[in-house]
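Asker: Got a file for you: final.txt, compact mmCIF, C-alpha atoms.
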# COMPACT_ATOMS: atom_id res chain seq x y z
CA MET E 4 -8.61 -12.69 -13.93
CA GLN E 5 -4.87 -13.26 -13.83
CA PRO E 6 -3.35 -13.36 -10.33
CA VAL E 7 -1.69 -10.20 -9.03
CA ARG E 8 2.06 -10.63 -9.35
CA ALA E 9 3.36 -7.31 -8.01
CA GLY E 10 2.43 -4.11 -6.26
CA ILE E 11 3.72 -0.67 -7.24
CA PHE E 12 3.78 1.64 -4.20
CA SER E 13 4.27 5.42 -4.39
CA LEU E 14 4.57 7.49 -1.20
CA THR E 15 4.45 11.29 -0.95
CA PRO E 16 4.40 13.89 1.87
CA PRO E 17 1.48 16.12 2.87
CA ALA E 18 0.09 18.61 0.38
CA PRO E 19 1.50 22.16 0.57
CA ALA E 20 -0.39 24.65 2.73
CA ASP E 21 -1.92 26.45 -0.27
CA ASP E 22 -3.23 23.25 -1.89
CA ASP E 23 -6.85 23.46 -3.05
CA GLY E 24 -7.27 19.74 -3.67
CA GLY E 25 -6.67 20.10 -7.41
CA TYR E 26 -3.81 17.63 -7.47
CA LEU E 27 -5.85 14.87 -5.81
CA ARG E 28 -8.83 15.52 -8.12
CA TRP E 29 -6.52 15.29 -11.14
CA HIS E 30 -4.90 12.11 -9.91
CA LEU E 31 -8.15 10.35 -8.99
CA LEU E 32 -10.16 11.45 -12.03
CA ASP E 33 -7.50 11.59 -14.76
CA HIS E 34 -4.13 10.03 -14.02
CA MET E 35 -5.21 6.96 -12.04
CA PRO E 36 -7.91 5.87 -14.55
CA GLU E 37 -5.40 6.16 -17.41
CA GLN E 38 -3.31 3.44 -15.74
CA TYR E 39 -6.01 0.90 -16.61
CA GLY E 40 -5.10 1.33 -20.25
CA ILE E 41 -1.77 -0.35 -19.50
CA PRO E 42 -1.85 -4.12 -19.98
CA GLY E 43 -1.18 -5.64 -16.59
CA VAL E 44 -2.63 -2.90 -14.37
CA VAL E 45 -5.84 -4.33 -12.89
CA LEU E 46 -6.55 -2.11 -9.88
CA ALA E 47 -5.40 1.10 -8.19
CA HIS E 48 -6.02 2.66 -4.78
CA ARG E 49 -5.10 5.99 -3.24
CA TRP E 50 -5.07 6.53 0.52
CA ILE E 51 -4.38 9.65 2.60
CA ALA E 52 -3.31 10.30 6.19
CA ASP E 53 -4.83 13.51 7.55
CA ASP E 54 -3.41 15.12 10.68
CA GLY E 55 -5.36 12.81 13.01
CA LEU E 56 -4.25 9.68 11.18
CA ARG E 57 -0.62 10.82 11.19
CA ARG E 58 -0.87 11.21 14.96
CA ALA E 59 -2.28 7.67 15.17
CA ARG E 60 0.66 6.03 13.44
CA ILE E 61 2.84 3.66 15.40
CA VAL E 62 6.16 3.98 13.55
CA GLY E 63 7.50 6.50 11.05
CA ASP E 64 11.26 6.10 10.68
CA GLY E 65 13.44 8.27 8.45
CA PRO E 66 11.97 9.81 5.28
CA LEU E 67 8.88 7.57 5.53
CA GLY E 68 7.91 9.47 8.66
CA ASP E 69 6.64 12.26 6.41
CA THR E 70 4.26 9.96 4.50
CA ALA E 71 0.77 11.39 4.07
CA ASN E 72 -0.25 9.92 0.70
CA LEU E 73 0.02 6.37 -0.60
CA VAL E 74 -0.88 5.01 -4.02
CA GLN E 75 -0.83 1.33 -4.94
CA TYR E 76 -1.16 -0.20 -8.40
CA TYR E 77 -1.84 -3.93 -8.67
CA VAL E 78 0.05 -5.60 -11.53
CA THR E 79 -0.42 -8.92 -13.31
CA ASP E 80 1.66 -10.41 -16.12
CA PRO E 81 3.48 -9.16 -18.12
CA VAL E 82 5.17 -7.43 -15.18
CA GLU E 83 8.26 -5.82 -16.76
CA PRO E 84 6.50 -4.35 -19.84
CA THR E 85 3.70 -3.12 -17.58
CA PHE E 86 6.14 -1.35 -15.28
CA ALA E 87 8.05 0.18 -18.20
CA GLU E 88 4.85 1.64 -19.63
CA PHE E 89 3.78 2.75 -16.16
CA MET E 90 6.96 4.80 -15.80
CA GLN E 91 6.46 6.36 -19.25
CA LEU E 92 2.82 7.36 -18.80
CA GLY E 93 3.54 10.58 -16.92
CA ARG E 94 5.79 11.88 -19.70
CA ARG E 95 3.19 10.98 -22.32
CA LEU E 96 0.42 12.77 -20.44
CA ALA E 97 2.66 15.78 -19.81
CA GLY E 98 3.06 16.10 -23.59
CA LEU E 99 -0.73 16.32 -23.81
CA GLY E 100 -0.91 18.98 -21.10
CA ARG E 101 -2.38 16.50 -18.61
CA PHE E 102 0.36 16.31 -15.98
CA PRO E 103 -0.05 19.67 -14.21
CA GLU E 104 2.09 19.11 -11.12
CA ARG E 105 4.72 16.71 -9.79
CA ARG E 106 4.74 16.22 -6.03
CA PRO E 107 7.92 15.34 -4.09
CA SER E 108 8.43 11.60 -3.75
CA LEU E 109 9.31 9.66 -0.61
CA GLY E 110 9.86 6.51 -2.60
CA VAL E 111 8.57 4.27 -5.38
CA ARG E 112 8.79 0.50 -4.98
CA MET E 113 7.70 -2.47 -7.05
CA LEU E 114 7.44 -5.54 -4.84
CA ALA E 115 6.46 -9.11 -5.58
CA HIS E 116 3.10 -10.16 -4.23
CA LEU E 117 3.45 -13.13 -1.85
CA ARG E 118 0.00 -13.92 -0.47
CA TRP E 119 -3.56 -12.69 0.12
CA TYR E 120 -5.49 -13.00 3.38
CA ALA E 121 -9.20 -12.43 4.12
CA ALA E 122 -10.81 -12.11 7.55
CA PRO E 123 -13.69 -14.46 8.32
CA SER E 124 -15.89 -11.37 8.72
CA ALA E 125 -15.25 -10.29 5.11
CA LEU E 126 -16.97 -13.37 3.61
CA VAL E 127 -14.92 -13.18 0.39
CA ALA E 128 -12.05 -15.17 -1.08
CA PRO E 129 -8.60 -13.83 -0.13
CA GLU E 130 -7.77 -13.20 -3.83
CA VAL E 131 -10.51 -10.57 -4.16
CA VAL E 132 -10.16 -8.76 -0.83
CA ALA E 133 -8.37 -5.78 -2.45
CA PHE E 134 -11.32 -5.32 -4.84
CA ARG E 135 -13.79 -5.08 -1.97
CA PRO E 136 -14.84 -1.61 -0.68
CA HIS E 137 -12.93 -0.57 2.44
CA ARG E 138 -12.54 2.48 4.66
CA GLY E 139 -8.76 2.59 4.69
CA VAL E 140 -5.61 0.60 5.32
CA LEU E 141 -3.00 -0.08 7.93
CA PHE E 142 0.25 0.15 5.96
CA LEU E 143 3.42 -1.55 7.17
CA VAL E 144 6.95 -1.29 5.76
CA GLU E 145 9.62 -3.45 7.41
CA GLU E 146 13.32 -4.00 6.78
CA PRO E 147 14.29 -7.71 6.90
CA GLY E 148 17.19 -8.90 9.01
CA ASP E 149 18.49 -12.23 10.29
CA GLY E 150 15.82 -14.87 10.68
CA ILE E 151 13.50 -13.44 8.04
CA ALA E 152 12.61 -16.86 6.57
CA SER E 153 11.30 -18.27 9.85
CA TRP E 154 9.67 -14.92 10.65
CA LEU E 155 7.68 -15.06 7.41
CA GLN E 156 6.51 -18.56 8.29
CA TRP E 157 5.41 -17.35 11.74
CA LEU E 158 3.70 -14.38 10.10
CA HIS E 159 1.65 -16.69 7.88
CA ARG E 160 0.86 -19.38 10.47
CA GLU E 161 0.20 -17.30 13.57
CA HIS E 162 0.43 -13.53 13.31
CA LEU E 163 -1.73 -12.70 10.31
CA PRO E 164 -4.55 -15.10 11.33
CA ALA E 165 -4.59 -13.31 14.71
CA LEU E 166 -4.56 -9.90 13.03
CA LEU E 167 -7.53 -10.91 10.86
CA GLU E 168 -9.54 -11.49 14.04
CA VAL E 169 -9.11 -7.85 15.17
CA ASP E 170 -12.39 -5.96 14.94
CA GLY E 171 -12.37 -3.83 11.80
CA VAL E 172 -9.75 -5.81 9.85
CA ALA E 173 -11.06 -7.18 6.54
CA GLY E 174 -7.96 -8.70 4.95
CA ALA E 175 -4.36 -8.17 3.93
CA GLY E 176 -1.85 -8.39 1.11
CA LEU E 177 1.79 -9.32 1.69
CA TYR E 178 4.67 -8.17 -0.56
CA ARG E 179 8.46 -8.37 -0.61
CA SER E 180 11.35 -7.10 -2.73
CA ASN E 181 13.00 -9.52 -5.15
CA ASP E 182 15.43 -9.56 -8.05
CA LEU E 183 13.11 -11.12 -10.63
CA TRP E 184 12.59 -7.94 -12.64
CA ARG E 185 14.85 -5.25 -14.05
CA LEU E 186 13.97 -1.92 -12.43
CA PRO E 187 15.01 1.62 -13.38
CA ASP E 188 17.32 3.60 -11.10
CA ARG E 189 14.45 5.78 -9.87
CA VAL E 190 12.91 2.81 -8.04
CA ASP E 191 13.92 1.87 -4.48
CA ARG E 192 15.86 -1.41 -4.48
CA ASP E 193 16.50 -1.99 -0.79
CA ASP E 194 14.96 -5.14 0.66
CA ALA E 195 11.58 -4.57 2.27
CA VAL E 196 8.48 -6.43 3.41
CA VAL E 197 5.23 -4.51 2.88
CA THR E 198 1.87 -5.47 4.36
CA VAL E 199 -1.36 -3.73 3.33
CA VAL E 200 -4.14 -4.40 5.86
CA TYR E 201 -7.63 -3.51 4.56
CA LEU E 202 -10.01 -2.00 7.12
CA ASP E 203 -13.79 -1.98 7.50
CA ASP E 204 -13.80 0.33 10.53
CA ASP E 205 -12.28 3.71 11.38
CA PRO E 206 -8.56 3.43 10.46
CA ALA E 207 -7.26 5.13 13.62
CA ALA E 208 -9.47 3.10 15.95
CA THR E 209 -8.62 -0.18 14.24
CA THR E 210 -4.90 0.63 14.38
CA GLY E 211 -5.24 1.20 18.11
CA ARG E 212 -6.84 -2.22 18.56
CA ALA E 213 -4.09 -3.87 16.49
CA THR E 214 -1.09 -2.11 18.07
CA GLY E 215 -0.27 -4.82 20.60
CA LEU E 216 -0.21 -7.51 17.91
CA LEU E 217 1.90 -5.36 15.62
CA GLU E 218 4.51 -4.82 18.33
CA GLU E 219 4.90 -8.61 18.52
CA ARG E 220 6.07 -8.55 14.88
CA TRP E 221 9.16 -6.61 15.88
CA GLY E 222 9.99 -8.34 19.16
CA THR E 223 12.17 -11.02 17.57
CA GLY E 224 14.40 -8.55 15.74
CA ALA E 225 13.88 -10.38 12.43
CA VAL E 226 12.54 -7.15 10.91
CA ARG E 227 12.90 -3.47 11.71
CA PRO E 228 9.75 -1.36 11.30
CA LEU E 229 10.18 1.65 9.03
CA PHE E 230 6.53 2.65 8.83
CA ALA E 231 3.33 1.47 10.50
CA GLY E 232 0.23 3.59 10.37
CA PRO E 233 -3.33 4.12 9.14
CA LEU E 234 -4.48 5.92 6.02
CA ARG E 235 -8.06 6.46 4.87
CA SER E 236 -9.54 5.66 1.50
CA MET E 237 -10.05 8.57 -0.91
CA VAL E 238 -13.40 7.02 -1.91
CA SER E 239 -16.38 7.21 0.45
CA TRP E 240 -18.56 4.10 0.56
CA GLU E 241 -22.18 4.06 1.75
CA VAL E 242 -22.30 0.40 2.67
CA TRP E 243 -21.71 0.73 6.43
CA PRO E 244 -24.43 1.87 8.83
Show me this structure written as structure tokens.
Answerer:
Amino acid sequence: MQPVRAGIFSLTPPAPADDDGGYLRWHLLDHMPEQYGIPGVVLAHRWIADDGLRRARIVGDGPLGDTANLVQYYVTDPVEPTFAEFMQLGRRLAGLGRFPERRPSLGVRMLAHLRWYAAPSALVAPEVVAFRPHRGVLFLVEEPGDGIASWLQWLHREHLPALLEVDGVAGAGLYRSNDLWRLPDRVDRDDAVVTVVYLDDDPAATTGRATGLLEERWGTGAVRPLFAGPLRSMVSWEVWP
């Protein structure tokens, strides 16, 4: 398998009050599987924050404060052609009558993948942690400021190893904006660091246990948190007692 080079992240607000779940069924059973027909898309996940998980979030600044749904696509080479076809897929499916509804967007980003991490408890290589079943994620979006280079080194050497020791944390993926690829105007271009923390335990409970460590990330002022909160997986796994 080629290494993951980028992550495409799409964030949307809660479903409207009259929603019957049809949009999520369509996305999980139709639209998301079609992405695997695009060369370069190797994995996709959808996570949701119900009312309880939205109350458990630590930070929700600006438009991201309304986030209730998160989709991530994992991209290998060729990155630019993959992303171009990804952006065209919706129009192609709409022409076939298979794009029934477009939900409001809180942002679409394509970020470079920097590094994988796996907790000792996960017993898998870091490179495959995203392919392992999980109960949800702790999703972090941070705006870099002065001192970001040394902060990233501290994150790798000290912070993330400590976070991986928190009960319920299985691993993490780290991403950041870059200027390697040409992106369409519809894609957010502001600099951001994104961390996806994969969870083996209840997302709200694990977030509570990790909160003190997460607050240390922001104490230096090298980054400003824009979003930090738990979301649950849309797939139920029967592997935990």
Asker: Kindly assemble as a Markdown table a list of the segment 164-218 of chain E residues that lie within 12 Å of segment 47-57 of chain E, each paired with its nearest atom pair and their distance in Å to one decimal, using only C-alpha atoms, sorted first by chain and then by ascending residue number.
Answerer:
| residue | atom | partner | partner_atom | distance |
| --- | --- | --- | --- | --- |
| E:Val199 | CA | E:Trp50 | CA | 11.3 |
| E:Tyr201 | CA | E:Trp50 | CA | 11.1 |
| E:Leu202 | CA | E:Trp50 | CA | 11.9 |
| E:Asp205 | CA | E:Leu56 | CA | 10.0 |
| E:Pro206 | CA | E:Leu56 | CA | 7.6 |
| E:Ala207 | CA | E:Leu56 | CA | 6.0 |
| E:Ala208 | CA | E:Leu56 | CA | 9.7 |
| E:Thr209 | CA | E:Leu56 | CA | 11.2 |
| E:Thr210 | CA | E:Leu56 | CA | 9.6 |
| E:Gly211 | CA | E:Leu56 | CA | 11.0 |
Asker: Given the choices E:Gly25, E:Ala71, E:Val111, E:Leu167, which gets closest to Arg235 of chain E if the distance is worked out from all atoms listed in the file?
Answerer: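 Closest to Arg235 of chain E, using all atoms listed in the file: E:Ala71.
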Asker: Can you tell me, as a ChimeraX atom specification, what residues are no more than 6 Å from segment 216-225 of chain E when counting only C-alpha atoms, ignoring any on the same chain fewer than 4 positions away?
Answerer: /E:148-151
Asker: Restricting the calculation to all atoms listed in the file: of E:Pro147, E:Gly110, E:Pro17, E:Gly10, which residue gets closest to Phe86 of chain E?
Answerer: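 Result for the nearest residue to Phe86 of chain E: E:Gly10.
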Asker: Using all atoms listed in the file, which of E:Asp170, E:Asp191, E:Glu37, E:Glu241 sits nearest Arg212 of chain E?
Answerer: E:Asp170
Asker: Tell me, in Å to one decimal, how far atom CA of Leu234 of chain E is from atom CA of Asn72 of chain E.
Answerer: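 Interatomic distance here is 7.9 Å.
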Asker: For the atom pair atom CA of Thr15 of chain E and atom CA of Leu27 of chain E, what is the interatomic distance in Å to one decimal place?
Answerer: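 Separating atom CA of Thr15 of chain E from atom CA of Leu27 of chain E is a distance of 11.9 Å.
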Asker: Of the residues E:Val127, E:Ala213, E:Leu183, E:Arg28, which is the one nearest to Leu163 of chain E, using only C-alpha atoms?
Answerer: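 Nearest candidate to Leu163 of chain E out of E:Val127, E:Ala213, E:Leu183, E:Arg28: E:Ala213.
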Asker: Taking into account all atoms listed in the file, which residue in the set E:Gly65, E:Leu73, E:Ala9, E:Val45 is nearest to Phe134 of chain E?
Answerer: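 Of the candidates, the smallest distance to Phe134 of chain E is held by E:Val45.
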Asker: Compare E:Trp243, E:Ile41, E:Leu155, E:Gly24 by their minimum atom-to-atom distance to Glu83 of chain E, counting only C-alpha atoms, and give me the closest one.
Answerer: E:Ile41
Asker: Report, in Å with one decimal, the straight-line distance from atom CA of Leu177 of chain E to atom CA of Val242 of chain E.
Answerer: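 Here the two named atoms are 26.0 Å from each other.
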Asker: Any idea what's packed within 9 Å of His137 of chain E, counting all atoms listed in the file, ignoring anything in its chain fewer than 2 positions away? Could you give it as a list in words?
Answerer: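 Surrounding residues, per the criterion: Ala133, Phe134, Arg135, Gly139, Val140, Ala173, Tyr201, Leu202, Asp203, Asp204, Arg235, Ser236, Val238, Ser239 and Trp240 of chain E.
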Asker: Give me the residues within 8 Å of Asp80 of chain E as a PDB file with C-alpha atoms, in the frame of the given file, counting all atoms listed in the file and dropping any in the same chain fewer than 6 places off.
Answerer:
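result-v3.pdb, written as the output of this step:
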ATOM      1  CA  GLN E   5      -4.870 -13.260 -13.830  1.00  0.00           C
ATOM      2  CA  VAL E   7      -1.690 -10.200  -9.030  1.00  0.00           C
ATOM      3  CA  ARG E   8       2.060 -10.630  -9.350  1.00  0.00           C
ATOM      4  CA  GLY E  43      -1.180  -5.640 -16.590  1.00  0.00           C
TER       5      GLY E  43
END
